[in-house]
>>> print(open('coords_36.txt').read())   # compact mmCIF, C-alpha atoms and all ligand atoms
# COMPACT_ATOMS: atom_id res chain seq x y z
CA MET A 1231 15.24 4.98 6.07
CA ASP A 1232 17.33 2.36 4.28
CA ILE A 1233 14.78 1.10 1.74
CA SER A 1234 16.87 -1.93 0.82
CA ARG A 1235 16.08 -3.39 4.27
CA LEU A 1236 12.38 -3.58 3.47
CA SER A 1237 12.47 -6.67 1.27
CA SER A 1238 14.56 -9.81 1.20
CA GLY A 1239 13.48 -10.91 -2.27
CA TYR A 1240 12.86 -7.82 -4.35
CA LEU A 1241 14.61 -4.64 -5.34
CA VAL A 1242 12.79 -1.75 -3.68
CA ARG A 1243 13.13 1.84 -4.83
CA ARG A 1244 11.29 5.13 -4.63
CA LEU A 1245 9.11 5.70 -7.69
CA GLY A 1246 8.96 8.97 -9.61
CA GLU A 1247 7.27 10.62 -12.57
CA ASN A 1248 9.22 8.48 -15.05
CA ASP A 1249 7.58 5.38 -13.58
CA ILE A 1250 3.98 6.53 -13.98
CA GLU A 1251 3.39 4.49 -17.16
CA ASP A 1252 4.48 1.27 -15.45
CA ILE A 1253 2.45 2.04 -12.32
CA PHE A 1254 -0.60 2.79 -14.47
CA ALA A 1255 -0.19 -0.53 -16.30
CA LEU A 1256 -0.09 -2.36 -12.95
CA CYS A 1257 -3.03 -0.50 -11.42
CA ARG A 1258 -5.45 -0.53 -14.33
CA LYS A 1259 -5.66 -4.34 -14.27
CA ASN A 1260 -6.89 -4.31 -10.64
CA GLU A 1261 -10.46 -3.46 -11.58
CA LEU A 1262 -12.04 -4.83 -8.40
CA TYR A 1263 -10.11 -2.37 -6.24
CA TYR A 1264 -11.43 0.66 -8.12
CA LYS A 1265 -14.97 -0.70 -8.05
CA TYR A 1266 -14.84 -0.30 -4.27
CA CYS A 1267 -12.53 2.70 -4.25
CA PRO A 1268 -13.53 4.90 -7.20
CA PRO A 1269 -12.68 6.80 -9.34
CA PHE A 1270 -10.74 4.51 -11.67
CA VAL A 1271 -7.00 5.14 -11.76
CA THR A 1272 -5.51 7.63 -14.24
CA ARG A 1273 -1.94 8.77 -14.88
CA ARG A 1274 -2.94 12.03 -13.24
CA SER A 1275 -4.30 10.38 -10.08
CA ILE A 1276 -1.02 8.44 -9.74
CA ALA A 1277 0.98 11.68 -10.03
CA ASP A 1278 -1.25 13.27 -7.37
CA ASP A 1279 -0.93 10.25 -5.04
CA MET A 1280 2.85 10.39 -5.35
CA LYS A 1281 2.77 13.81 -3.71
CA ALA A 1282 -0.18 13.42 -1.35
CA LEU A 1283 0.63 13.73 2.37
CA PRO A 1284 -1.42 13.34 5.53
CA PRO A 1285 -1.67 16.29 7.92
CA ARG A 1286 1.61 17.51 9.46
CA LYS A 1287 3.80 15.17 7.40
CA GLU A 1288 6.55 16.16 4.97
CA ALA A 1289 7.79 14.72 1.68
CA SER A 1290 10.77 13.18 3.49
CA ASP A 1291 8.35 11.01 5.56
CA LYS A 1292 6.79 9.58 2.43
CA TYR A 1293 8.00 6.52 0.52
CA TYR A 1294 6.09 5.85 -2.68
CA LEU A 1295 7.79 2.55 -3.41
CA GLY A 1296 8.11 0.10 -6.27
CA TYR A 1297 9.03 -3.56 -5.75
CA TYR A 1298 10.90 -5.09 -8.71
CA ASP A 1299 11.50 -8.66 -9.77
CA GLY A 1300 14.33 -8.00 -12.18
CA ASP A 1301 12.99 -5.24 -14.46
CA LYS A 1302 9.36 -6.03 -13.74
CA LEU A 1303 7.39 -3.84 -11.37
CA ILE A 1304 5.38 -6.31 -9.28
CA ALA A 1305 4.08 -4.15 -6.42
CA VAL A 1306 3.51 -0.53 -5.43
CA MET A 1307 3.28 0.76 -1.87
CA ASP A 1308 2.60 4.22 -0.47
CA LEU A 1309 4.23 4.24 2.97
CA ILE A 1310 4.34 7.12 5.46
CA LEU A 1311 6.68 6.92 8.41
CA GLY A 1312 5.65 8.40 11.75
CA TYR A 1313 1.92 8.64 11.16
CA PRO A 1314 -0.43 8.98 12.95
CA ASP A 1315 2.20 8.95 15.72
CA GLU A 1316 5.97 8.79 15.82
CA LYS A 1317 6.18 5.02 16.33
CA THR A 1318 3.60 4.06 13.70
CA ALA A 1319 3.87 3.69 9.91
CA PHE A 1320 0.90 4.18 7.63
CA ILE A 1321 0.24 2.24 4.42
CA GLY A 1322 -1.86 4.48 2.17
CA PHE A 1323 -1.88 2.08 -0.76
CA PHE A 1324 -0.60 -1.37 -1.61
CA MET A 1325 -1.15 -3.24 -4.85
CA THR A 1326 0.45 -6.18 -6.63
CA ASP A 1327 0.45 -6.93 -10.34
CA THR A 1328 -2.46 -9.21 -11.26
CA SER A 1329 -0.04 -11.57 -13.05
CA VAL A 1330 1.61 -12.51 -9.74
CA GLN A 1331 -1.37 -12.46 -7.38
CA LYS A 1332 -2.52 -15.32 -5.16
CA ALA A 1333 1.00 -16.71 -4.92
CA GLY A 1334 1.91 -15.34 -1.50
CA ILE A 1335 3.96 -12.45 -2.89
CA GLY A 1336 1.87 -9.70 -1.31
CA SER A 1337 1.98 -11.41 2.09
CA GLY A 1338 5.74 -11.92 1.78
CA ILE A 1339 6.25 -8.22 1.08
CA ILE A 1340 4.18 -7.28 4.12
CA ARG A 1341 6.00 -9.82 6.31
CA ASP A 1342 9.37 -8.34 5.32
CA LEU A 1343 8.05 -4.80 5.74
CA CYS A 1344 6.89 -5.56 9.28
CA ALA A 1345 10.28 -7.06 10.18
CA GLY A 1346 12.15 -4.12 8.64
CA LEU A 1347 10.04 -1.49 10.39
CA ARG A 1348 10.28 -3.33 13.71
CA ASP A 1349 14.07 -3.35 13.39
CA MET A 1350 13.92 0.41 12.92
CA GLY A 1351 12.07 0.77 16.20
CA LEU A 1352 8.53 1.24 14.96
CA THR A 1353 5.80 -0.46 16.97
CA GLY A 1354 2.78 -0.54 14.66
CA ILE A 1355 1.34 -0.20 11.17
CA ARG A 1356 -1.96 1.42 10.42
CA LEU A 1357 -4.03 1.40 7.24
CA GLY A 1358 -7.58 1.47 5.94
CA TRP A 1359 -9.59 -0.85 3.72
CA VAL A 1360 -12.79 -0.04 1.92
CA LYS A 1361 -15.70 -1.63 3.71
CA GLY A 1362 -17.06 -4.52 1.67
CA ASN A 1363 -13.98 -5.08 -0.51
CA PRO A 1364 -13.38 -8.81 0.13
CA GLN A 1365 -9.94 -8.87 -1.50
CA ALA A 1366 -8.52 -6.08 0.64
CA GLU A 1367 -10.18 -7.10 3.90
CA HIS A 1368 -9.21 -10.80 3.63
CA PHE A 1369 -5.67 -9.90 2.65
CA TRP A 1370 -5.08 -7.55 5.57
CA ARG A 1371 -6.74 -9.87 8.10
CA LYS A 1372 -4.62 -12.76 6.81
CA ASN A 1373 -1.59 -10.56 7.41
CA GLY A 1374 -2.38 -9.83 11.04
CA PHE A 1375 -4.29 -6.55 10.81
CA SER A 1376 -7.45 -6.00 12.81
CA GLU A 1377 -10.08 -3.32 13.02
CA THR A 1378 -9.51 -0.44 15.40
CA GLY A 1379 -13.23 0.23 15.65
CA VAL A 1380 -12.79 3.52 13.79
CA THR A 1381 -14.47 4.00 10.41
CA TYR A 1382 -14.94 7.09 8.33
CA ASP A 1383 -17.13 7.94 5.36
CA THR A 1384 -15.83 9.51 2.19
CA ASP A 1385 -17.58 10.13 -1.13
CA GLY A 1386 -19.43 6.92 -1.85
CA TYR A 1387 -17.63 4.48 0.46
CA THR A 1388 -16.67 3.76 4.04
CA VAL A 1389 -13.07 3.21 5.16
CA VAL A 1390 -12.37 0.73 7.97
CA VAL A 1391 -9.26 1.72 9.94
CA ALA A 1392 -7.08 -1.26 10.91
CA GLN A 1393 -3.73 -1.80 12.58
CA ARG A 1394 -1.11 -4.38 13.42
CA VAL A 1395 1.30 -4.34 16.33
CA LEU A 1396 4.90 -5.05 15.29
C1 LIG A 1401 -4.70 -7.58 -1.93
C2 LIG A 1401 -3.46 -7.88 -2.77
C3 LIG A 1401 -2.36 -6.86 -2.45
C4 LIG A 1401 -2.97 -9.29 -2.43
O1 LIG A 1401 -1.78 -9.56 -3.17
P1 LIG A 1401 -1.28 -11.07 -3.45
O2 LIG A 1401 0.10 -10.96 -4.02
O3 LIG A 1401 -2.31 -11.81 -4.21
O4 LIG A 1401 -1.21 -11.58 -1.97
P2 LIG A 1401 -1.11 -13.07 -1.36
O5 LIG A 1401 -1.02 -14.09 -2.45
O6 LIG A 1401 -0.05 -13.03 -0.35
O7 LIG A 1401 -2.47 -13.18 -0.58
C5 LIG A 1401 -3.64 -13.53 -1.19
C6 LIG A 1401 -4.76 -13.27 -0.16
O8 LIG A 1401 -5.45 -12.07 -0.51
C7 LIG A 1401 -6.84 -12.26 -0.28
N1 LIG A 1401 -7.51 -12.22 -1.59
C8 LIG A 1401 -6.94 -12.03 -2.79
N2 LIG A 1401 -7.87 -12.00 -3.76
C9 LIG A 1401 -9.06 -12.17 -3.14
C10 LIG A 1401 -10.43 -12.20 -3.59
N3 LIG A 1401 -10.75 -12.05 -4.87
N4 LIG A 1401 -11.39 -12.37 -2.65
C11 LIG A 1401 -11.10 -12.52 -1.35
N5 LIG A 1401 -9.83 -12.50 -0.87
C12 LIG A 1401 -8.83 -12.33 -1.75
C13 LIG A 1401 -7.00 -13.61 0.38
O9 LIG A 1401 -6.87 -13.41 1.78
C14 LIG A 1401 -5.78 -14.36 -0.16
O10 LIG A 1401 -5.39 -15.36 0.71
P3 LIG A 1401 -5.70 -16.89 0.34
O11 LIG A 1401 -4.94 -17.12 -0.94
O12 LIG A 1401 -5.18 -17.64 1.51
O13 LIG A 1401 -7.18 -16.96 0.15
C15 LIG A 1401 -3.79 -7.87 -4.30
O14 LIG A 1401 -4.91 -8.70 -4.53
C16 LIG A 1401 -4.09 -6.49 -4.82
O15 LIG A 1401 -3.19 -5.76 -5.21
N6 LIG A 1401 -5.40 -6.10 -4.83
C17 LIG A 1401 -5.79 -4.81 -5.32
C18 LIG A 1401 -5.34 -3.71 -4.38
C19 LIG A 1401 -5.82 -3.90 -2.96
O16 LIG A 1401 -6.92 -4.31 -2.67
N7 LIG A 1401 -4.91 -3.58 -2.03
C20 LIG A 1401 -5.17 -3.66 -0.61
C21 LIG A 1401 -5.85 -2.43 -0.12
S1 LIG A 1401 -4.78 -0.99 -0.10
>>> encode(input="coords_36.txt", output="structure tokens", more="lines below")
Ligand SMILES: CC(C)(COP(=O)(O)OP(=O)(O)OC[C@H]1O[C@@H](n2cnc3c(N)ncnc32)[C@H](O)[C@@H]1OP(=O)(O)O)[C@@H](O)C(=O)NCCC(=O)NCCS
Amino acid sequence: MDISRLSSGYLVRRLGENDIEDIFALCRKNELYYKYCPPFVTRRSIADDMKALPPRKEASDKYYLGYYDGDKLIAVMDLILGYPDEKTAFIGFFMTDTSVQKAGIGSGIIRDLCAGLRDMGLTGIRLGWVKGNPQAEHFWRKNGFSETGVTYDTDGYTVVVAQRVL
């Protein structure tokens, strides 16, 4: 995938181990998210997430991406192509820096992502939000995602599976 096609306004690149400190700095300020989706972020959990894959997917399908405004990391996204089916992309994680929130930046990134993935021939995006997390649920609904009717329970919280047709 040509990552540069995913955003009109920001530099997008794959993140690696050298970026963990910056990712940690972005994540740790989003306390509400970890209240609903514990445990709280650590440098180690970021390193693990960078490698984590759903069943039957390979590292080449995974894009653990950083969005940059100049030198500043403003958003992180864990994107899997071709999951759960060939024509669907899966967002495992999406977070913006608290200093830029509520300004439409997150929605703009998702709008561009949808256009970019549609141009590549994908037909849908799937993701999950933690039941009861108002920030996540309102954000995804505002951006055109709706519940599939599927939920699943993990340790301590319930995940609501949602999708958007491209
Ligand atoms: C959700 C998130 C990505 C939104 O980023 P953003 O750059 O602020 O996005 P936008 O400005 O485009 O959209 C803001 C929308 O998010 C929702 N939202 C944000 N904070 C909220 C809160 N405290 N309570 C309820 N809804 C909230 C609202 O729908 C809001 O729209 P509104 O301004 O019309 O009310 C950001 O708040 C974040 O990173 N949160 C922590 C991580 C997370 O929950 N990620 C999503 C699940 S993977």
>>> closest_residue(input="coords_36.txt", among="A:Leu1241, A:Val1389, A:Ala1277, A:Ile1250", to="ligand LIG 1401 (chain A)", atoms="all atoms listed in the file")
A:Val1389
>>> residues_near_ligand(input="coords_36.txt", ligand="ligand LIG 1401 (chain A)", cutoff="6 Å", atoms="only C-alpha atoms and all ligand atoms", output="list in words")
Asn1260, Tyr1263, Phe1323, Phe1324, Met1325, Thr1326, Gln1331, Lys1332, Ala1333, Gly1334, Ile1335, Gly1336, Ser1337, Trp1359, Pro1364, Gln1365, Ala1366, His1368, Phe1369 and Lys1372 of chain A
>>> closest_residue(input="coords_36.txt", among="A:Arg1394, A:Arg1286, A:Arg1258, A:Arg1235", to="A:Ala1319", atoms="all atoms listed in the file")
A:Arg1394
>>> closest_residue(input="coords_36.txt", among="A:Leu1347, A:Val1395, A:Leu1245, A:Leu1352", to="A:Met1280", atoms="all atoms listed in the file")
A:Leu1245
>>> residues_around(input="coords_36.txt", residues="A:Leu1311", least_positions_apart="2", cutoff="10 Å", atoms="all atoms listed in the file", output="list in words")
Met1231, Lys1287, Glu1288, Ser1290, Asp1291, Lys1292, Tyr1293, Leu1309, Tyr1313, Pro1314, Asp1315, Glu1316, Lys1317, Thr1318, Ala1319, Phe1320, Ile1321, Leu1347, Leu1352 and Ile1355 of chain A
>>> write_last_selection(input="coords_36.txt", atoms="C-alpha atoms", output="compact mmCIF listing (two decimals), keeping the file's coordinate frame")
# COMPACT_ATOMS: atom_id res chain seq x y z
CA MET A 1231 15.24 4.98 6.07
CA LYS A 1287 3.80 15.17 7.40
CA GLU A 1288 6.55 16.16 4.97
CA SER A 1290 10.77 13.18 3.49
CA ASP A 1291 8.35 11.01 5.56
CA LYS A 1292 6.79 9.58 2.43
CA TYR A 1293 8.00 6.52 0.52
CA LEU A 1309 4.23 4.24 2.97
CA TYR A 1313 1.92 8.64 11.16
CA PRO A 1314 -0.43 8.98 12.95
CA ASP A 1315 2.20 8.95 15.72
CA GLU A 1316 5.97 8.79 15.82
CA LYS A 1317 6.18 5.02 16.33
CA THR A 1318 3.60 4.06 13.70
CA ALA A 1319 3.87 3.69 9.91
CA PHE A 1320 0.90 4.18 7.63
CA ILE A 1321 0.24 2.24 4.42
CA LEU A 1347 10.04 -1.49 10.39
CA LEU A 1352 8.53 1.24 14.96
CA ILE A 1355 1.34 -0.20 11.17
>>> atom_distance(input="coords_36.txt", atom1="atom CA of A:Tyr1298", atom2="atom CA of A:Tyr1240")
5.5 Å
>>> residues_around(input="coords_36.txt", residues="A:Gln1393", least_positions_apart="2", cutoff="7 Å", atoms="all atoms listed in the file", output="number ranges by chain")
A: 1354-1357, 1375-1378, 1395
>>> axis_aligned_box(input="coords_36.txt", around="stretch 1383-1394 of chain A", padding_each_side="6 Å", output="AutoDock Vina command-line options")
--center_x -10.3 --center_y 2.9 --center_z 5.8 --size_x 30.3 --size_y 26.5 --size_z 27.3
>>> closest_residue(input="coords_36.txt", among="A:Leu1236, A:Leu1295, A:Ala1289, A:Val1380", to="A:Asp1249", atoms="only C-alpha atoms")
A:Leu1295
>>> closest_residue(input="coords_36.txt", among="A:Gly1296, A:Pro1268, A:Gly1374, A:Pro1285", to="A:Val1242", atoms="only C-alpha atoms")
A:Gly1296
>>> residues_around(input="coords_36.txt", residues="A:Gly1386", least_positions_apart="5", cutoff="12 Å", atoms="all atoms listed in the file", output="ChimeraX atom specification")
/A:1264-1269,1360-1361
>>> atom_distance(input="coords_36.txt", atom1="atom CA of A:Thr1384", atom2="atom CA of A:Glu1367")
17.6 Å
>>> closest_residue(input="coords_36.txt", among="A:Ala1345, A:Met1350, A:Ile1340, A:Ala1255", to="A:Leu1396", atoms="all atoms listed in the file")
A:Ala1345
>>> atom_distance(input="coords_36.txt", atom1="atom CA of A:Val1306", atom2="atom CA of A:Pro1284")
18.4 Å
>>> residues_around(input="coords_36.txt", residues="A:Leu1256", least_positions_apart="3", cutoff="8 Å", atoms="all atoms listed in the file", output="list of chain:residue names")
A:Asp1252, A:Ile1253, A:Lys1259, A:Asn1260, A:Leu1303, A:Ile1304, A:Ala1305, A:Thr1326, A:Asp1327, A:Thr1328
